[in-house]
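Engineer: So I've got this file, input08.cif, and it contains mmCIF, C-alpha atoms:
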```cif
data_coords
loop_
_atom_site.label_atom_id
_atom_site.label_comp_id
_atom_site.auth_asym_id
_atom_site.auth_seq_id
_atom_site.Cartn_x
_atom_site.Cartn_y
_atom_site.Cartn_z
CA MET B 1 29.05 -4.27 14.58
CA ALA B 2 26.36 -4.34 17.30
CA ILE B 3 25.59 -8.01 16.58
CA PHE B 4 29.29 -8.85 16.79
CA SER B 5 29.84 -6.98 20.08
CA THR B 6 26.80 -8.46 21.85
CA THR B 7 27.73 -11.96 20.70
CA LEU B 8 31.27 -11.36 21.96
CA MET B 9 29.99 -10.45 25.43
CA ALA B 10 27.82 -13.56 25.58
CA ALA B 11 30.85 -15.63 24.56
CA VAL B 12 33.00 -14.04 27.31
CA VAL B 13 30.33 -14.75 29.92
CA ALA B 14 30.00 -18.36 28.75
CA ALA B 15 33.78 -18.83 28.80
CA THR B 16 34.30 -17.32 32.27
CA THR B 17 31.37 -18.95 34.07
CA ASP B 18 30.78 -22.31 32.34
CA ALA B 19 27.18 -21.85 33.51
CA ILE B 20 24.33 -23.48 31.57
CA TRP B 21 22.42 -20.19 31.34
CA ALA B 22 25.50 -18.49 29.85
CA ILE B 23 25.88 -21.19 27.18
CA VAL B 24 22.17 -21.00 26.34
CA TRP B 25 22.47 -17.22 26.16
CA LEU B 26 25.35 -17.52 23.68
CA ALA B 27 23.38 -19.95 21.52
CA VAL B 28 20.32 -17.69 21.52
CA GLU B 29 22.50 -14.67 20.72
CA LEU B 30 24.03 -16.48 17.74
CA GLY B 31 20.57 -17.47 16.50
CA PHE B 32 19.13 -13.97 16.81
CA GLY B 33 22.21 -12.47 15.17
CA ALA B 34 21.90 -14.72 12.13
CA ALA B 35 18.12 -14.17 11.87
CA ARG B 36 18.37 -10.38 12.16
CA TYR B 37 21.15 -10.20 9.58
CA ALA B 38 19.20 -12.40 7.14
CA ALA B 39 15.99 -10.37 7.61
CA LEU B 40 17.75 -7.05 6.99
CA ALA B 41 19.60 -8.42 3.95
CA ALA B 42 16.33 -9.72 2.46
CA LEU B 43 14.64 -6.36 3.06
CA GLN B 44 17.49 -4.50 1.35
CA ARG B 45 17.36 -6.85 -1.65
CA ASP B 46 13.61 -6.32 -2.00
CA GLU B 47 13.98 -2.54 -1.81
CA ALA B 48 16.79 -2.58 -4.38
CA ALA B 49 14.57 -4.62 -6.72
CA GLY B 50 11.60 -2.32 -6.17
CA ARG B 51 9.57 -5.00 -4.40
CA PRO B 52 7.66 -4.48 -1.13
CA GLY B 53 9.75 -6.17 1.54
CA ASN B 54 8.86 -7.45 5.01
CA ALA B 55 9.76 -4.44 7.16
CA VAL B 56 7.94 -5.79 10.23
CA LEU B 57 10.05 -8.93 10.72
CA PRO B 58 13.28 -7.05 11.61
CA LEU B 59 11.34 -5.05 14.22
CA TYR B 60 9.95 -8.14 15.92
CA LEU B 61 13.34 -9.84 15.82
CA GLY B 62 14.95 -6.72 17.30
CA MET B 63 12.50 -6.56 20.22
CA SER B 64 12.84 -10.31 20.88
CA TRP B 65 16.61 -9.98 20.89
CA ALA B 66 16.44 -7.00 23.28
CA ILE B 67 14.36 -9.05 25.75
CA CYS B 68 16.81 -11.98 25.67
CA TYR B 69 19.88 -9.76 25.89
CA GLY B 70 18.37 -7.77 28.75
CA ILE B 71 17.66 -11.01 30.65
CA GLY B 72 21.25 -12.14 30.04
CA CYS B 73 22.60 -8.87 31.44
CA GLY B 74 20.22 -9.21 34.42
CA LEU B 75 21.63 -12.68 35.14
CA CYS B 76 25.12 -11.17 35.00
CA ALA B 77 24.03 -8.59 37.59
CA ILE B 78 22.77 -11.21 40.08
CA SER B 79 25.78 -13.47 39.57
CA GLY B 80 27.79 -11.46 42.06
CA GLU B 81 30.79 -11.37 39.70
CA TRP B 82 32.10 -7.82 39.44
CA LEU B 83 33.47 -8.40 35.93
CA LEU B 84 30.08 -9.54 34.65
CA ILE B 85 28.23 -6.75 36.47
CA LEU B 86 30.49 -4.08 34.95
CA MET B 87 30.44 -5.63 31.48
CA ALA B 88 26.64 -5.81 31.51
CA GLY B 89 26.32 -2.17 32.56
CA ILE B 90 28.86 -0.98 29.98
CA PHE B 91 27.27 -2.93 27.12
CA ILE B 92 23.73 -1.80 27.97
CA SER B 93 24.90 1.82 28.11
CA GLY B 94 26.67 1.52 24.77
CA LEU B 95 23.71 -0.18 23.10
CA ALA B 96 21.28 2.44 24.40
CA GLY B 97 23.50 5.23 23.10
CA GLY B 98 23.66 3.59 19.67
CA ILE B 99 19.89 3.06 19.63
CA SER B 100 19.26 6.72 20.47
CA SER B 101 21.11 7.59 17.26
CA ARG B 102 20.61 4.69 14.83
CA ASN B 103 16.91 4.24 15.62
CA SER B 104 15.96 7.91 15.92
CA GLY B 105 13.82 7.58 12.79
CA THR B 106 11.50 5.19 14.68
CA PRO B 107 11.30 6.78 18.15
CA ARG B 108 8.69 4.49 19.71
CA TYR B 109 10.57 1.39 18.60
CA GLY B 110 13.89 2.83 19.80
CA ILE B 111 12.54 3.77 23.24
CA THR B 112 11.01 0.30 23.57
CA LEU B 113 14.41 -1.30 22.86
CA ILE B 114 16.13 0.90 25.46
CA TYR B 115 13.74 -0.14 28.24
CA LEU B 116 13.68 -3.80 27.18
CA LEU B 117 17.46 -3.83 27.52
CA GLY B 118 17.69 -1.87 30.76
CA THR B 119 14.73 -3.12 32.82
CA PRO B 120 16.06 -6.64 33.67
CA TYR B 121 19.43 -5.17 34.65
CA SER B 122 17.74 -2.51 36.81
CA VAL B 123 15.59 -5.11 38.63
CA ALA B 124 18.59 -7.38 39.17
CA MET B 125 20.67 -4.56 40.63
CA VAL B 126 17.87 -3.59 43.02
CA LEU B 127 17.66 -7.22 44.21
CA SER B 128 21.43 -7.74 44.30
CA PRO B 129 22.86 -8.80 47.70
CA LEU B 130 25.90 -6.62 47.10
CA PRO B 131 25.87 -3.40 49.16
CA TYR B 132 24.54 -0.23 47.57
CA MET B 133 23.83 -1.93 44.22
CA TYR B 134 20.17 -0.96 44.58
CA ILE B 135 21.22 2.65 44.02
CA VAL B 136 22.52 1.70 40.57
CA GLY B 137 19.30 -0.19 39.92
CA LEU B 138 17.19 2.85 40.79
CA LEU B 139 19.31 5.08 38.56
CA VAL B 140 18.93 2.88 35.47
CA PRO B 141 15.31 4.00 34.68
CA ILE B 142 16.37 7.64 35.03
CA TRP B 143 19.28 7.00 32.69
CA GLY B 144 16.88 5.28 30.28
CA PHE B 145 14.63 8.34 30.35
CA GLY B 146 17.63 10.52 29.46
CA MET B 147 18.49 8.23 26.53
CA ALA B 148 14.87 8.48 25.37
CA LEU B 149 15.10 12.29 25.41
CA VAL B 150 18.29 12.13 23.34
CA LEU B 151 16.53 9.84 20.87
CA LEU B 152 13.58 12.23 20.58
CA GLU B 153 15.92 15.18 19.99
CA ASN B 154 17.68 13.20 17.25
CA TYR B 155 14.26 12.40 15.81
CA GLU B 156 13.38 16.10 15.62
CA VAL B 157 16.67 16.85 13.86
CA LEU B 158 16.12 13.99 11.43
CA LEU B 159 12.51 15.03 10.78
CA ASN B 160 13.47 18.66 10.10
CA LEU B 161 16.22 17.48 7.78
CA PHE B 162 13.78 15.24 5.90
CA LEU B 163 11.16 18.00 5.60
CA SER B 164 13.78 20.49 4.40
CA GLU B 165 15.04 18.02 1.83
CA ARG B 166 11.51 17.36 0.60
CA LYS B 167 10.81 21.10 0.41
CA ASN B 168 14.03 21.74 -1.51
CA ARG B 169 13.23 18.85 -3.85
CA ARG B 170 9.81 20.33 -4.53
CA LEU B 171 11.25 23.79 -5.10
CA ALA B 172 13.70 22.28 -7.57
CA ASN B 173 11.06 20.29 -9.45
CA TYR B 174 7.84 22.32 -9.17
CA ASP B 175 6.80 25.86 -10.04
CA SER B 176 6.17 27.72 -6.79
CA LEU B 177 3.44 29.94 -8.32
CA THR B 178 1.18 27.45 -10.10
CA GLY B 179 2.22 24.22 -8.38
CA LEU B 180 2.85 22.63 -11.78
CA PRO B 181 5.98 20.55 -12.41
CA ASN B 182 8.75 22.62 -13.99
CA ARG B 183 11.14 21.97 -16.88
CA VAL B 184 13.35 19.70 -14.74
CA MET B 185 10.44 17.37 -13.96
CA LYS B 186 9.24 17.71 -17.55
CA ARG B 187 12.42 16.18 -18.91
CA GLN B 188 12.52 13.40 -16.30
CA ARG B 189 8.90 12.37 -16.88
CA PHE B 190 9.18 12.79 -20.65
CA GLU B 191 12.21 10.48 -20.77
CA ARG B 192 10.39 7.97 -18.55
CA LEU B 193 7.37 8.01 -20.87
CA LEU B 194 9.56 7.58 -23.95
CA ARG B 195 11.32 4.60 -22.38
CA GLY B 196 7.91 3.00 -21.86
CA ALA B 197 6.51 4.01 -25.25
CA ASP B 198 6.31 1.46 -28.07
CA ALA B 199 7.24 2.90 -31.44
CA SER B 200 5.03 0.31 -33.15
CA ALA B 201 1.97 1.19 -31.07
CA PRO B 202 -0.81 3.10 -32.86
CA ALA B 203 -0.94 5.91 -30.27
CA PRO B 204 2.28 6.14 -28.28
CA LEU B 205 2.79 9.75 -27.16
CA THR B 206 1.99 13.36 -28.14
CA VAL B 207 3.51 16.53 -26.68
CA PHE B 208 2.05 20.05 -26.77
CA CYS B 209 4.08 23.26 -26.57
CA LEU B 210 1.84 26.16 -25.50
CA ASP B 211 2.47 29.90 -25.43
CA LEU B 212 -0.09 32.44 -24.23
CA ASP B 213 -1.14 35.11 -26.73
CA GLY B 214 -1.39 38.67 -25.44
CA PHE B 215 -0.29 37.83 -21.90
CA LYS B 216 2.93 39.86 -21.92
CA SER B 217 1.06 43.04 -22.88
CA ALA B 218 -1.46 42.57 -20.07
CA ASN B 219 1.30 41.70 -17.60
CA ASP B 220 3.23 44.86 -18.46
CA ARG B 221 0.10 47.03 -18.25
CA PHE B 222 -1.50 45.71 -15.06
CA GLY B 223 1.52 44.49 -13.12
CA HIS B 224 3.02 41.20 -12.08
CA ALA B 225 0.46 40.54 -9.34
CA ALA B 226 -2.36 40.48 -11.88
CA GLY B 227 -0.19 38.46 -14.24
CA ASP B 228 0.52 35.90 -11.53
CA ALA B 229 -3.20 35.54 -10.84
CA VAL B 230 -3.82 34.91 -14.53
CA LEU B 231 -1.06 32.27 -14.66
CA VAL B 232 -2.57 30.45 -11.69
CA SER B 233 -5.96 30.45 -13.41
CA VAL B 234 -4.37 29.26 -16.66
CA ALA B 235 -2.75 26.35 -14.82
CA GLU B 236 -6.11 25.36 -13.33
CA ARG B 237 -7.82 25.52 -16.72
CA LEU B 238 -5.09 23.42 -18.32
CA ARG B 239 -5.38 20.74 -15.65
CA SER B 240 -9.15 20.63 -16.03
CA SER B 241 -8.90 20.37 -19.83
CA VAL B 242 -6.83 17.17 -19.95
CA ARG B 243 -7.15 13.64 -18.63
CA GLU B 244 -5.87 12.52 -15.26
CA GLN B 245 -2.98 10.59 -16.84
CA ASP B 246 -1.92 13.62 -18.92
CA GLN B 247 0.81 15.82 -17.46
CA VAL B 248 0.98 19.64 -17.50
CA PHE B 249 4.22 21.59 -16.95
CA ARG B 250 5.11 25.26 -16.69
CA VAL B 251 8.48 25.68 -18.40
CA GLY B 252 8.74 29.49 -18.62
CA GLY B 253 6.96 32.76 -17.96
CA ASP B 254 3.87 32.07 -20.08
CA GLU B 255 5.05 28.83 -21.67
CA PHE B 256 3.59 25.43 -20.86
CA VAL B 257 4.09 21.84 -22.01
CA VAL B 258 1.49 19.06 -21.94
CA LEU B 259 2.35 15.37 -22.30
CA LEU B 260 -0.42 13.13 -23.64
CA PRO B 261 0.50 9.44 -23.23
CA GLY B 262 -1.17 7.03 -25.63
CA THR B 263 -2.41 9.80 -27.91
CA ARG B 264 -2.05 10.27 -31.67
CA THR B 265 -1.99 13.67 -33.33
CA ASP B 266 -5.57 13.29 -34.59
CA ASP B 267 -6.74 12.34 -31.09
CA ALA B 268 -4.81 15.27 -29.62
CA ALA B 269 -6.64 17.84 -31.77
CA PRO B 270 -9.86 17.81 -29.67
CA VAL B 271 -7.75 18.19 -26.52
CA ALA B 272 -6.01 21.23 -28.01
CA GLN B 273 -9.37 22.69 -29.00
CA ARG B 274 -10.65 22.29 -25.43
CA ILE B 275 -7.55 24.06 -24.14
CA ILE B 276 -7.92 26.92 -26.64
CA ALA B 277 -11.59 27.34 -25.70
CA ALA B 278 -10.79 27.21 -21.96
CA ILE B 279 -8.05 29.84 -22.17
CA ALA B 280 -10.26 32.04 -24.37
CA GLU B 281 -12.78 32.37 -21.53
CA PRO B 282 -12.37 35.87 -19.97
CA PHE B 283 -10.24 36.25 -16.83
CA GLU B 284 -11.64 38.47 -14.09
CA LEU B 285 -8.98 40.88 -12.79
CA ALA B 286 -9.77 42.66 -9.54
CA GLY B 287 -9.86 46.38 -10.24
CA HIS B 288 -9.10 45.95 -13.93
CA GLY B 289 -12.20 44.32 -15.41
CA ARG B 290 -11.99 41.33 -17.72
CA LEU B 291 -8.94 40.13 -19.62
CA ASP B 292 -9.21 38.11 -22.83
CA ILE B 293 -6.10 36.23 -23.92
CA GLY B 294 -5.46 33.25 -26.14
CA VAL B 295 -3.03 30.38 -26.53
CA SER B 296 -1.06 28.99 -29.46
CA ILE B 297 -0.37 25.26 -29.41
CA GLY B 298 2.15 23.19 -31.35
CA ALA B 299 2.11 19.39 -31.24
CA ALA B 300 4.56 16.61 -32.05
CA THR B 301 3.99 12.86 -31.85
CA PHE B 302 6.38 9.99 -31.11
CA PRO B 303 7.73 8.37 -33.23
CA THR B 304 6.49 10.26 -36.31
CA ASP B 305 8.09 13.59 -35.40
CA GLY B 306 11.07 12.34 -33.42
CA SER B 307 12.35 9.61 -31.13
CA THR B 308 14.05 11.70 -28.42
CA VAL B 309 12.91 14.35 -25.98
CA ASP B 310 14.86 17.08 -27.75
CA ASP B 311 13.56 16.12 -31.21
CA LEU B 312 9.94 16.08 -30.10
CA LEU B 313 10.15 19.34 -28.17
CA ARG B 314 11.90 21.02 -31.07
CA ALA B 315 9.23 19.87 -33.52
CA ALA B 316 6.40 20.95 -31.21
CA ASP B 317 8.09 24.32 -30.60
CA ILE B 318 8.43 24.97 -34.35
CA ALA B 319 4.77 24.05 -34.81
CA MET B 320 3.81 26.44 -32.00
CA TYR B 321 5.68 29.32 -33.66
CA GLU B 322 3.90 28.49 -36.91
CA ALA B 323 0.58 28.76 -35.03
CA LYS B 324 1.60 32.22 -33.84
CA ARG B 325 2.71 33.21 -37.35
CA GLN B 326 -0.67 32.20 -38.76
CA GLY B 327 -2.51 34.55 -36.42
CA LYS B 328 -2.26 32.99 -32.94
CA GLY B 329 -4.97 31.16 -31.07
CA ARG B 330 -4.24 28.13 -33.26
CA PHE B 331 -3.37 24.45 -32.92
CA VAL B 332 -0.67 23.32 -35.36
CA ALA B 333 0.57 19.72 -35.60
CA ALA B 334 4.05 18.88 -36.85
CA GLY B 335 4.68 16.01 -39.26
CA ARG B 336 7.15 14.80 -41.86
CA ASN B 337 7.24 15.48 -45.60
CA GLY B 338 7.37 19.27 -45.76
CA MET B 339 5.22 22.17 -44.54
CA ALA B 340 1.62 22.91 -45.43
CA PRO B 341 0.23 25.81 -43.38
CA GLN B 342 -3.45 26.66 -43.64
CA GLN B 343 -5.31 29.93 -43.35
CA PRO B 344 -4.74 32.03 -40.19
CA ALA B 345 -7.38 32.94 -37.63
CA PRO B 346 -6.37 36.15 -35.85
CA ALA B 347 -6.68 36.46 -32.06
CA THR B 348 -6.51 39.58 -29.94
CA ALA B 349 -6.24 40.34 -26.25
CA ASN B 350 -8.79 42.71 -24.72
CA VAL B 351 -9.60 44.20 -21.35
CA THR B 352 -13.13 45.35 -20.56
CA PRO B 353 -14.85 47.53 -19.62
CA ALA B 354 -12.31 50.33 -19.19
CA SER B 355 -8.98 49.92 -20.93
CA ARG B 356 -7.91 47.90 -23.90
CA VAL B 357 -4.57 46.16 -23.86
CA ARG B 358 -2.37 47.06 -26.78
CA PRO B 359 -2.45 44.41 -29.54
CA PRO B 360 -0.29 41.33 -29.01
CA GLU B 361 3.27 41.59 -30.18
CA PRO B 362 4.16 39.93 -33.50
CA ALA B 363 5.64 36.47 -33.34
CA GLY B 364 9.10 37.99 -33.43
CA LEU B 365 11.99 38.30 -35.85
CA TRP B 366 13.33 34.87 -34.96
CA SER B 367 10.21 33.03 -36.05
CA LYS B 368 9.83 35.14 -39.20
CA LEU B 369 13.40 34.51 -40.34
CA GLN B 370 14.15 31.07 -38.96
CA LEU B 371 10.87 29.13 -38.94
CA PRO B 372 10.69 28.34 -42.68
CA SER B 373 14.34 27.29 -42.86
CA LEU B 374 14.09 25.20 -39.68
CA ALA B 375 10.94 23.50 -40.84
CA LYS B 376 12.49 22.77 -44.22
CA ALA B 377 15.70 21.44 -42.65
CA ALA B 378 13.75 19.18 -40.33
CA GLU B 379 11.36 18.14 -43.13
CA ILE B 380 8.40 19.00 -40.91
CA ARG B 381 4.88 19.23 -42.26
CA ILE B 382 2.73 21.73 -40.38
CA THR B 383 -1.01 21.08 -40.19
CA ALA B 384 -3.10 23.95 -38.83
CA HIS B 385 -6.46 23.69 -37.11
CA PRO B 386 -8.83 26.68 -36.99
CA GLN B 387 -9.36 28.55 -33.75
CA ILE B 388 -12.31 27.38 -31.66
CA PRO B 389 -14.36 30.37 -30.44
CA ALA B 390 -14.83 30.66 -26.68
CA GLY B 391 -17.99 29.04 -25.44
CA SER B 392 -18.45 26.82 -28.51
#
```
Is it possible to express this structure as structure tokens?
Structural biologist:
Amino acid sequence: MAIFSTTLMAAVVAATTDAIWAIVWLAVELGFGAARYAALAALQRDEAAGRPGNAVLPLYLGMSWAICYGIGCGLCAISGEWLLILMAGIFISGLAGGISSRNSGTPRYGITLIYLLGTPYSVAMVLSPLPYMYIVGLLVPIWGFGMALVLLENYEVLLNLFLSERKNRRLANYDSLTGLPNRVMKRQRFERLLRGADASAPAPLTVFCLDLDGFKSANDRFGHAAGDAVLVSVAERLRSSVREQDQVFRVGGDEFVVLLPGTRTDDAAPVAQRIIAAIAEPFELAGHGRLDIGVSIGAATFPTDGSTVDDLLRAADIAMYEAKRQGKGRFVAAGRNGMAPQQPAPATANVTPASRVRPPEPAGLWSKLQLPSLAKAAEIRITAHPQIPAGS
């Protein structure tokens, strides 16, 4: 719309004056209009295709156009024709108002455009032979300063809106306590990894489901503040136990998920053992001594244990409950062709030197009653790995 309106003014000036400068102005306006439209369209196509576009070219074209249009309006001001003088002033005012809103995201560029448009008109009005026109010319810079203030205010509003949106997006996708991505981000990234995984590849993708052993007892005994501190430390230990390309998520109170791209079940076993050993290291609780907890890990691998997010998470979750049933502090891998659990390795949670946390709760009625039937229905083979002692 701005390109159309400015071209229309140049056409009116050319039609009413028949002056060479007016015709040249119209031709230049048509050229800049076509070039600016083409540059913006190309940039939008590149962004839609995910390619880096030329974002600088539209800026240079915009400033060049502002210089030419400002000169055209200045020539209208010194023409002595009241119609042209009024039209130039009205169009510059309208353009500056639009710039203060549309270009508020780039304040320096927007302010530059406002003064490039208004300066030639201001100088022409100061030099105009018409009486009292110099007053208008002296007021134009003040008016431009006011438009710049409006633009900066719009920039502050836009910036606050952007920051609030980014904060809300982070709150929706990340755990505020540990800083880990939450279950929403887990599903998005998991689906993205599955879309990029090749079912025929030797090591496409493995997922861990983790549940802390003995944490709930300690959390109930020592309070949520101590429990939160432990969860933060657990998140740090998990991040330090995996590769940079691996992804760690907190999906519940003491439940975590780890995605291991390009990893087979056999290759994932050492990673799980590192995690078990890291979590088994004592946690120092201020005023409460040391807390020893463990972690049970279930694993599922694409495409052996499933081809969708839900299938893989379900298989890994069943394997994790089998690890808890076998005595906790275990790594259990899910697979096809039935279930073959191995011997359990019991794990306990302790606090030293003063109090001892009550023993961890049993795996629960659900896992006792449902795990065998679920595993049989899903034809899942469970392979257990012995607990790795802390510090080994």
Engineer: For the structure provided, state which residues fall under the PyMOL selection byres ((chain B and resi 70) around 7), and present them as a PyMOL selection string.
Structural biologist: chain B and resi 66-69+71-74+116-118+120-121
Engineer: Would you work out the distance separating CA of Leu95 in chain B from CA of Glu47 in chain B, expressed in Å to one decimal?
Structural biologist: 26.8 Å
Engineer: Using all atoms listed in the file, what does the table of range 73-182 of chain B residues within 8 Å of range 5-22 of chain B look like, with each row giving the shortest atom pair and its distance in Å to one decimal, sorted by chain and ascending number, as a Markdown table?
Structural biologist:
```
| residue | atom | partner | partner_atom | distance |
| --- | --- | --- | --- | --- |
| B:Leu84 | CA | B:Val13 | CA | 7.0 |
| B:Met87 | CA | B:Met9 | CA | 7.7 |
| B:Phe91 | CA | B:Thr6 | CA | 7.7 |
```
Engineer: For the point (9.8, 18.9, -12.5) in the file's frame, write as a list in words all residues with an atom no more than 6 Å away, counting all atoms listed in the file.
Structural biologist: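 Returned residue set, sorted by chain then number, is Asn173, Tyr174, Pro181, Asn182, Arg183, Val184, Met185 and Lys186 of chain B.
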Engineer: Return the single residue from B:Ala333, B:Leu130, B:Ile114, B:Ala229 that is closest to Phe208 in chain B, with distances computed using only C-alpha atoms.
Structural biologist: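 Among B:Ala333, B:Leu130, B:Ile114, B:Ala229, it is B:Ala333 that comes nearest to Phe208 in chain B.
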Engineer: Just the number, please: distance in Å from CA of Cys76 in chain B to CA of Val136 in chain B, one decimal.
Structural biologist: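 Going from CA of Cys76 in chain B over to CA of Val136 in chain B covers 14.3 Å.
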Engineer: Please indicate the distance in Å from CA of Ala55 in chain B to CA of Tyr155 in chain B, rounded to one decimal place.
Structural biologist: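 Going from CA of Ala55 in chain B over to CA of Tyr155 in chain B covers 19.5 Å.
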Engineer: Give me the residues within 9 Å of Glu236 in chain B as a list in words, counting all atoms listed in the file and dropping any in the same chain fewer than 5 places off.
Structural biologist: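 Surrounding residues, per the criterion: Thr178, Leu231 and Ser241 of chain B.
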Engineer: Please return as a list in words every residue within 10 Å of (3.8, 21.3, -21.9), taking into account all atoms listed in the file and the file's own coordinates.
Structural biologist: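 In the file's frame, the residues around the point are Pro181, Asn182, Arg183, Lys186, Val207, Phe208, Cys209, Leu210, Asp211, Leu238, Gln247, Val248, Phe249, Arg250, Val251, Glu255, Phe256, Val257, Val258, Leu259, Leu260, Ile297, Gly298, Ala299, Leu313 and Ala316 of chain B.
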Engineer: Can you list, as a count of residues only, every protein, DNA or RNA residue that comes within 8 Å of Tyr115 in chain B when you count all atoms listed in the file, leaving out same-chain residues fewer than 3 positions away?
Structural biologist: 6
Engineer: Running the PyMOL selection byres ((chain B and resi 226) around 12) on this model by hand, what would come out? Give it as a count of residues only.
Structural biologist: 27
Engineer: Could you check the closest approach to Ala96 in chain B for each of B:Thr263, B:Glu156, B:Ala27, B:Val150 and tell me which residue wins, using only C-alpha atoms?
Structural biologist: B:Val150
Engineer: Box in all listed atoms of range 53-67 of chain B, axis-aligned, with 6 Å more on each side; write out centre and edge lengths in Å to one decimal as AutoDock Vina command-line options.
Structural biologist:
```
--center_x 12.3 --center_y -7.4 --center_z 13.6 --size_x 20.7 --size_y 17.9 --size_z 36.2
```
Engineer: Which polymer residues have any atom within 7 Å of an atom of Pro107 in chain B, counting all atoms listed in the file, with same-chain residues fewer than 3 positions away left out, as a PyMOL selection string?
Structural biologist: chain B and resi 103-104+110-111+151-152+155
Engineer: Report as a list of chain:residue names the full result of the PyMOL selection byres ((chain B and resi 32) around 9) when it is applied to this structure.
Structural biologist: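 With the PyMOL selection byres ((chain B and resi 32) around 9) on this model, the match is B:Ile3, B:Ala27, B:Val28, B:Glu29, B:Leu30, B:Gly31, B:Gly33, B:Ala34, B:Ala35, B:Arg36, B:Tyr37, B:Leu61, B:Gly62, B:Ser64, B:Trp65.
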Engineer: Got a sec: who's within 8 Å of Ile279 in chain B, counting all atoms listed in the file, leaving out chain neighbours fewer than 2 positions off, as a ChimeraX atom specification?
Structural biologist: /B:234,237,275-277,281-282,293-295
Engineer: Pick the closest to Arg187 in chain B from B:Asp213, B:Asp246, B:Asp310, B:Asp175: which is it, counting all atoms listed in the file?
Structural biologist: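 Among the listed residues, B:Asp310 lies closest to Arg187 in chain B.
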